[in-house]
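Asks: My structure is stored as start_21.tsv, with TSV, N, CA and C atoms.
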```tsv
chain	number	residue	atom	x	y	z
A	1	MET	N	183.69	41.63	43.58
A	1	MET	CA	183.03	42.92	43.68
A	1	MET	C	182.03	43.04	42.54
A	2	ALA	N	180.84	43.50	42.88
A	2	ALA	CA	179.78	43.66	41.89
A	2	ALA	C	180.07	44.87	41.00
A	3	CYS	N	179.61	44.78	39.78
A	3	CYS	CA	179.71	45.90	38.84
A	3	CYS	C	178.44	46.73	38.99
A	4	VAL	N	178.60	47.98	39.41
A	4	VAL	CA	177.45	48.85	39.64
A	4	VAL	C	177.44	49.97	38.61
A	5	VAL	N	176.38	50.04	37.82
A	5	VAL	CA	176.23	51.11	36.83
A	5	VAL	C	175.52	52.28	37.52
A	6	HIS	N	176.18	53.42	37.53
A	6	HIS	CA	175.64	54.62	38.17
A	6	HIS	C	174.83	55.47	37.20
A	7	GLN	N	175.22	55.45	35.94
A	7	GLN	CA	174.51	56.24	34.94
A	7	GLN	C	174.65	55.57	33.58
A	8	SER	N	173.57	55.60	32.81
A	8	SER	CA	173.54	55.03	31.47
A	8	SER	C	172.59	55.88	30.64
A	9	ARG	N	173.11	56.51	29.60
A	9	ARG	CA	172.24	57.37	28.80
A	9	ARG	C	172.74	57.50	27.36
A	10	TRP	N	171.81	57.78	26.48
A	10	TRP	CA	172.10	58.07	25.07
A	10	TRP	C	171.99	59.58	24.88
A	11	GLU	N	172.81	60.11	23.99
A	11	GLU	CA	172.78	61.53	23.67
A	11	GLU	C	172.80	61.70	22.15
A	12	GLY	N	171.92	62.54	21.66
A	12	GLY	CA	171.91	62.85	20.23
A	12	GLY	C	173.10	63.73	19.89
A	13	THR	N	173.77	63.42	18.77
A	13	THR	CA	174.91	64.22	18.32
A	13	THR	C	174.66	64.63	16.87
A	14	THR	N	175.53	65.43	16.32
A	14	THR	CA	175.39	65.82	14.92
A	14	THR	C	175.62	64.64	13.98
A	15	ASP	N	176.33	63.63	14.45
A	15	ASP	CA	176.62	62.44	13.63
A	15	ASP	C	175.68	61.28	13.89
A	16	GLY	N	174.82	61.39	14.89
A	16	GLY	CA	173.93	60.29	15.24
A	16	GLY	C	173.66	60.27	16.73
A	17	PHE	N	174.18	59.25	17.40
A	17	PHE	CA	173.97	59.10	18.84
A	17	PHE	C	175.27	58.67	19.50
A	18	ALA	N	175.41	59.04	20.78
A	18	ALA	CA	176.55	58.61	21.59
A	18	ALA	C	176.00	58.00	22.88
A	19	TYR	N	176.60	56.92	23.30
A	19	TYR	CA	176.19	56.26	24.54
A	19	TYR	C	177.19	56.60	25.63
A	20	HIS	N	176.68	57.02	26.79
A	20	HIS	CA	177.52	57.37	27.93
A	20	HIS	C	177.16	56.45	29.09
A	21	ILE	N	178.17	55.92	29.75
A	21	ILE	CA	177.93	55.04	30.89
A	21	ILE	C	178.98	55.34	31.95
A	22	ARG	N	178.53	55.30	33.21
A	22	ARG	CA	179.43	55.51	34.34
A	22	ARG	C	179.19	54.36	35.31
A	23	ALA	N	180.26	53.68	35.70
A	23	ALA	CA	180.15	52.54	36.60
A	23	ALA	C	181.39	52.46	37.48
A	24	ASN	N	181.29	51.64	38.53
A	24	ASN	CA	182.44	51.49	39.41
A	24	ASN	C	183.53	50.63	38.77
A	25	ARG	N	183.18	49.84	37.78
A	25	ARG	CA	184.14	49.05	36.99
A	25	ARG	C	183.40	48.51	35.78
A	26	PHE	N	184.16	47.99	34.83
A	26	PHE	CA	183.57	47.44	33.62
A	26	PHE	C	184.09	46.03	33.41
A	27	LEU	N	183.20	45.16	32.96
A	27	LEU	CA	183.57	43.80	32.61
A	27	LEU	C	183.98	43.77	31.14
A	28	HIS	N	184.80	42.81	30.77
A	28	HIS	CA	185.28	42.71	29.39
A	28	HIS	C	184.09	42.63	28.42
A	29	GLY	N	184.03	43.55	27.49
A	29	GLY	CA	182.99	43.55	26.47
A	29	GLY	C	181.62	44.05	26.94
A	30	MET	N	181.53	44.48	28.18
A	30	MET	CA	180.24	44.85	28.76
A	30	MET	C	179.54	45.97	27.99
A	31	VAL	N	180.23	47.06	27.74
A	31	VAL	CA	179.60	48.21	27.09
A	31	VAL	C	179.21	47.86	25.66
A	32	ARG	N	180.04	47.13	24.95
A	32	ARG	CA	179.72	46.75	23.56
A	32	ARG	C	178.52	45.82	23.53
A	33	LEU	N	178.37	44.94	24.52
A	33	LEU	CA	177.19	44.07	24.60
A	33	LEU	C	175.94	44.88	24.91
A	34	LEU	N	176.05	45.83	25.84
A	34	LEU	CA	174.90	46.68	26.16
A	34	LEU	C	174.44	47.47	24.94
A	35	VAL	N	175.38	48.09	24.26
A	35	VAL	CA	175.04	48.89	23.08
A	35	VAL	C	174.41	48.00	22.00
A	36	GLY	N	175.02	46.87	21.71
A	36	GLY	CA	174.47	45.97	20.70
A	36	GLY	C	173.06	45.52	21.03
A	37	THR	N	172.80	45.24	22.30
A	37	THR	CA	171.47	44.82	22.74
A	37	THR	C	170.47	45.95	22.61
A	38	MET	N	170.87	47.15	23.02
A	38	MET	CA	169.96	48.30	22.92
A	38	MET	C	169.65	48.64	21.46
A	39	VAL	N	170.60	48.45	20.58
A	39	VAL	CA	170.35	48.69	19.15
A	39	VAL	C	169.34	47.68	18.63
A	40	GLU	N	169.50	46.41	18.99
A	40	GLU	CA	168.54	45.38	18.57
A	40	GLU	C	167.13	45.74	19.04
A	41	ILE	N	167.01	46.20	20.28
A	41	ILE	CA	165.70	46.58	20.83
A	41	ILE	C	165.15	47.79	20.09
A	42	SER	N	166.01	48.78	19.83
A	42	SER	CA	165.54	50.01	19.16
A	42	SER	C	165.08	49.73	17.73
A	43	TRP	N	165.66	48.72	17.10
A	43	TRP	CA	165.24	48.36	15.74
A	43	TRP	C	163.97	47.51	15.74
A	44	GLY	N	163.46	47.20	16.93
A	44	GLY	CA	162.22	46.43	17.04
A	44	GLY	C	162.41	44.93	16.90
A	45	ARG	N	163.64	44.46	16.94
A	45	ARG	CA	163.89	43.02	16.82
A	45	ARG	C	163.52	42.28	18.09
A	46	TRP	N	163.59	42.97	19.23
A	46	TRP	CA	163.23	42.40	20.52
A	46	TRP	C	162.38	43.40	21.29
A	47	PRO	N	161.55	42.93	22.22
A	47	PRO	CA	160.79	43.86	23.06
A	47	PRO	C	161.70	44.48	24.12
A	48	VAL	N	161.29	45.59	24.66
A	48	VAL	CA	162.07	46.27	25.72
A	48	VAL	C	162.26	45.34	26.91
A	49	THR	N	161.31	44.47	27.14
A	49	THR	CA	161.41	43.55	28.27
A	49	THR	C	162.60	42.60	28.16
A	50	ARG	N	163.17	42.50	26.97
A	50	ARG	CA	164.36	41.65	26.79
A	50	ARG	C	165.51	42.15	27.67
A	51	MET	N	165.67	43.48	27.77
A	51	MET	CA	166.74	44.03	28.60
A	51	MET	C	166.49	43.69	30.07
A	52	GLU	N	165.24	43.77	30.51
A	52	GLU	CA	164.90	43.40	31.88
A	52	GLU	C	165.26	41.94	32.14
A	53	GLU	N	164.94	41.08	31.19
A	53	GLU	CA	165.25	39.65	31.32
A	53	GLU	C	166.75	39.43	31.44
A	54	ILE	N	167.52	40.11	30.62
A	54	ILE	CA	168.98	39.97	30.66
A	54	ILE	C	169.53	40.42	32.00
A	55	LEU	N	169.05	41.56	32.49
A	55	LEU	CA	169.55	42.08	33.76
A	55	LEU	C	169.13	41.20	34.94
A	56	GLU	N	167.93	40.67	34.90
A	56	GLU	CA	167.45	39.81	35.99
A	56	GLU	C	168.16	38.47	36.02
A	57	THR	N	168.33	37.86	34.84
A	57	THR	CA	168.93	36.53	34.78
A	57	THR	C	170.46	36.57	34.74
A	58	LYS	N	171.02	37.73	34.37
A	58	LYS	CA	172.48	37.89	34.22
A	58	LYS	C	173.05	36.90	33.20
A	59	ASP	N	172.23	36.58	32.21
A	59	ASP	CA	172.61	35.62	31.17
A	59	ASP	C	173.04	36.38	29.91
A	60	VAL	N	174.35	36.50	29.70
A	60	VAL	CA	174.86	37.26	28.56
A	60	VAL	C	174.54	36.59	27.23
A	61	ARG	N	174.14	35.33	27.27
A	61	ARG	CA	173.77	34.65	26.02
A	61	ARG	C	172.51	35.24	25.42
A	62	LEU	N	171.74	35.99	26.22
A	62	LEU	CA	170.52	36.63	25.74
A	62	LEU	C	170.80	37.98	25.08
A	63	CYS	N	172.03	38.46	25.21
A	63	CYS	CA	172.39	39.78	24.67
A	63	CYS	C	172.45	39.76	23.15
A	64	GLY	N	172.43	40.96	22.60
A	64	GLY	CA	172.49	41.13	21.16
A	64	GLY	C	173.91	41.00	20.63
A	65	THR	N	174.06	41.34	19.39
A	65	THR	CA	175.34	41.34	18.73
A	65	THR	C	176.25	42.36	19.40
A	66	VAL	N	177.52	42.02	19.55
A	66	VAL	CA	178.48	42.95	20.15
A	66	VAL	C	178.70	44.10	19.18
A	67	ALA	N	178.54	45.32	19.67
A	67	ALA	CA	178.75	46.50	18.83
A	67	ALA	C	180.24	46.59	18.48
A	68	PRO	N	180.55	47.04	17.26
A	68	PRO	CA	181.96	47.17	16.89
A	68	PRO	C	182.65	48.26	17.72
A	69	PRO	N	183.94	48.14	17.94
A	69	PRO	CA	184.65	49.10	18.79
A	69	PRO	C	184.72	50.51	18.21
A	70	HIS	N	184.63	50.65	16.93
A	70	HIS	CA	184.77	51.94	16.27
A	70	HIS	C	183.45	52.69	16.07
A	71	ALA	N	182.34	52.03	16.38
A	71	ALA	CA	181.03	52.64	16.12
A	71	ALA	C	180.64	53.65	17.16
```
Any chance you could put this one into structure tokens?
Replies:
Amino acid sequence: MACVVHQSRWEGTTDGFAYHIRANRFLHGMVRLLVGTMVEISWGRWPVTRMEEILETKDVRLCGTVAPPHA
């Protein structure tokens, strides 16, 4: 069964930012990889097109650092 993401968004909070995602299921480490990759892009380390490349190729080796579980 394919993993389908229905919603993915960032929200500003008083402490910083919170990431919200809704999907039909989650793969092991998926959300932490997504967050780590988006942080790398937001810091300007990679172009936005990097996320497109990851999604098109489905190559997790292109993803950023795994975000820590407590962040």
Asks: Between atom CA of Thr65 of chain A and atom CA of Val35 of chain A, what is the spacing in Å?
Replies: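 About the pair atom CA of Val35 of chain A and atom CA of Thr65 of chain A: they are 8.7 Å apart.
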Asks: May I have the residues within 6.5 Å of His20 of chain A as JSON, numbers by chain, using all atoms listed in the file and disregarding those fewer than 2 positions away in the same chain?
Replies: {"A": [7, 8, 9, 10, 11, 18, 22]}
Asks: Excluding Cys63 of chain A and its own-chain neighbours fewer than 4 positions away, which residues fall within 8 Å of it when counting all atoms listed in the file? Please give them as a list in words.
Replies: Leu33, Leu34, Gly36, Thr37, Met38, Arg50, Ile54 and Asp59 of chain A
Asks: Expressed in Å to a single decimal, how great is the separation between atom CA of Pro68 of chain A and atom CA of Tyr19 of chain A?
Replies: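 Taking atom CA of Pro68 of chain A and atom CA of Tyr19 of chain A, their separation equals 13.2 Å.
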Asks: Which one is closest to Phe26 of chain A: A:Thr13, A:Val39, A:Ala67, A:Cys3? Count only N, CA and C atoms.
Replies: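 Comparing A:Thr13, A:Val39, A:Ala67, A:Cys3 against Phe26 of chain A, the winner is A:Cys3.
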Asks: Step one, run DSSP on the backbone; step two, keep only residues of chain A assigned to helix (DSSP H, G or I); then write them as a PyMOL selection string.
Replies: chain A and resi 30-42+49-57+60-62
Asks: Please indicate the distance in Å from atom N of Val5 of chain A to atom CA of Ala23 of chain A, rounded to one decimal place.
Replies: 4.7 Å
Asks: Around segment 24-36 of chain A, fit a box with edges along x, y and z, padding it by 8 Å on each side, then list its centre and edge lengths in Å to one decimal as AutoDock Vina command-line options.
Replies:
```
--center_x 179.2 --center_y 47.1 --center_z 30.1 --size_x 28.2 --size_y 25.0 --size_z 34.7
```
Asks: From a DSSP pass on the backbone, collect the residues of chain A flagged as strand (DSSP E or B) and hand them back as a list in words.
Replies: Val5, His6, Gln7, Ser8, Arg9, Trp10, Glu11, Gly12, Thr13, Gly16, Phe17, Ala18, Tyr19, His20, Ile21, Arg22 and Ala23 of chain A
Asks: Can I get the selected residues back with N, CA and C atoms, as an mmCIF file, in the frame of the given file?
Replies:
```cif
data_model
loop_
_atom_site.group_PDB
_atom_site.id
_atom_site.type_symbol
_atom_site.label_atom_id
_atom_site.label_comp_id
_atom_site.auth_asym_id
_atom_site.auth_seq_id
_atom_site.Cartn_x
_atom_site.Cartn_y
_atom_site.Cartn_z
ATOM 1 N N VAL A 5 176.380 50.040 37.820
ATOM 2 C CA VAL A 5 176.230 51.110 36.830
ATOM 3 C C VAL A 5 175.520 52.280 37.520
ATOM 4 N N HIS A 6 176.180 53.420 37.530
ATOM 5 C CA HIS A 6 175.640 54.620 38.170
ATOM 6 C C HIS A 6 174.830 55.470 37.200
ATOM 7 N N GLN A 7 175.220 55.450 35.940
ATOM 8 C CA GLN A 7 174.510 56.240 34.940
ATOM 9 C C GLN A 7 174.650 55.570 33.580
ATOM 10 N N SER A 8 173.570 55.600 32.810
ATOM 11 C CA SER A 8 173.540 55.030 31.470
ATOM 12 C C SER A 8 172.590 55.880 30.640
ATOM 13 N N ARG A 9 173.110 56.510 29.600
ATOM 14 C CA ARG A 9 172.240 57.370 28.800
ATOM 15 C C ARG A 9 172.740 57.500 27.360
ATOM 16 N N TRP A 10 171.810 57.780 26.480
ATOM 17 C CA TRP A 10 172.100 58.070 25.070
ATOM 18 C C TRP A 10 171.990 59.580 24.880
ATOM 19 N N GLU A 11 172.810 60.110 23.990
ATOM 20 C CA GLU A 11 172.780 61.530 23.670
ATOM 21 C C GLU A 11 172.800 61.700 22.150
ATOM 22 N N GLY A 12 171.920 62.540 21.660
ATOM 23 C CA GLY A 12 171.910 62.850 20.230
ATOM 24 C C GLY A 12 173.100 63.730 19.890
ATOM 25 N N THR A 13 173.770 63.420 18.770
ATOM 26 C CA THR A 13 174.910 64.220 18.320
ATOM 27 C C THR A 13 174.660 64.630 16.870
ATOM 28 N N GLY A 16 174.820 61.390 14.890
ATOM 29 C CA GLY A 16 173.930 60.290 15.240
ATOM 30 C C GLY A 16 173.660 60.270 16.730
ATOM 31 N N PHE A 17 174.180 59.250 17.400
ATOM 32 C CA PHE A 17 173.970 59.100 18.840
ATOM 33 C C PHE A 17 175.270 58.670 19.500
ATOM 34 N N ALA A 18 175.410 59.040 20.780
ATOM 35 C CA ALA A 18 176.550 58.610 21.590
ATOM 36 C C ALA A 18 176.000 58.000 22.880
ATOM 37 N N TYR A 19 176.600 56.920 23.300
ATOM 38 C CA TYR A 19 176.190 56.260 24.540
ATOM 39 C C TYR A 19 177.190 56.600 25.630
ATOM 40 N N HIS A 20 176.680 57.020 26.790
ATOM 41 C CA HIS A 20 177.520 57.370 27.930
ATOM 42 C C HIS A 20 177.160 56.450 29.090
ATOM 43 N N ILE A 21 178.170 55.920 29.750
ATOM 44 C CA ILE A 21 177.930 55.040 30.890
ATOM 45 C C ILE A 21 178.980 55.340 31.950
ATOM 46 N N ARG A 22 178.530 55.300 33.210
ATOM 47 C CA ARG A 22 179.430 55.510 34.340
ATOM 48 C C ARG A 22 179.190 54.360 35.310
ATOM 49 N N ALA A 23 180.260 53.680 35.700
ATOM 50 C CA ALA A 23 180.150 52.540 36.600
ATOM 51 C C ALA A 23 181.390 52.460 37.480
#
```
Asks: Just save segment 47-60 of chain A with C-alpha atoms, as a CSV table (one decimal), in the first residue's frame.
Replies:
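Final output, result_24.csv:
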```csv
chain,number,residue,atom,x,y,z
A,47,PRO,CA,17.7,24.4,-3.3
A,48,VAL,CA,13.9,23.9,-3.0
A,49,THR,CA,14.2,21.6,-6.0
A,50,ARG,CA,16.0,19.1,-3.8
A,51,MET,CA,12.6,18.1,-2.2
A,52,GLU,CA,11.1,17.7,-5.7
A,53,GLU,CA,14.1,15.4,-6.6
A,54,ILE,CA,13.6,13.3,-3.5
A,55,LEU,CA,9.9,12.9,-4.1
A,56,GLU,CA,10.3,12.0,-7.7
A,57,THR,CA,13.2,9.6,-7.3
A,58,LYS,CA,12.0,8.2,-3.9
A,59,ASP,CA,15.7,8.0,-3.0
A,60,VAL,CA,15.9,8.6,0.8
```
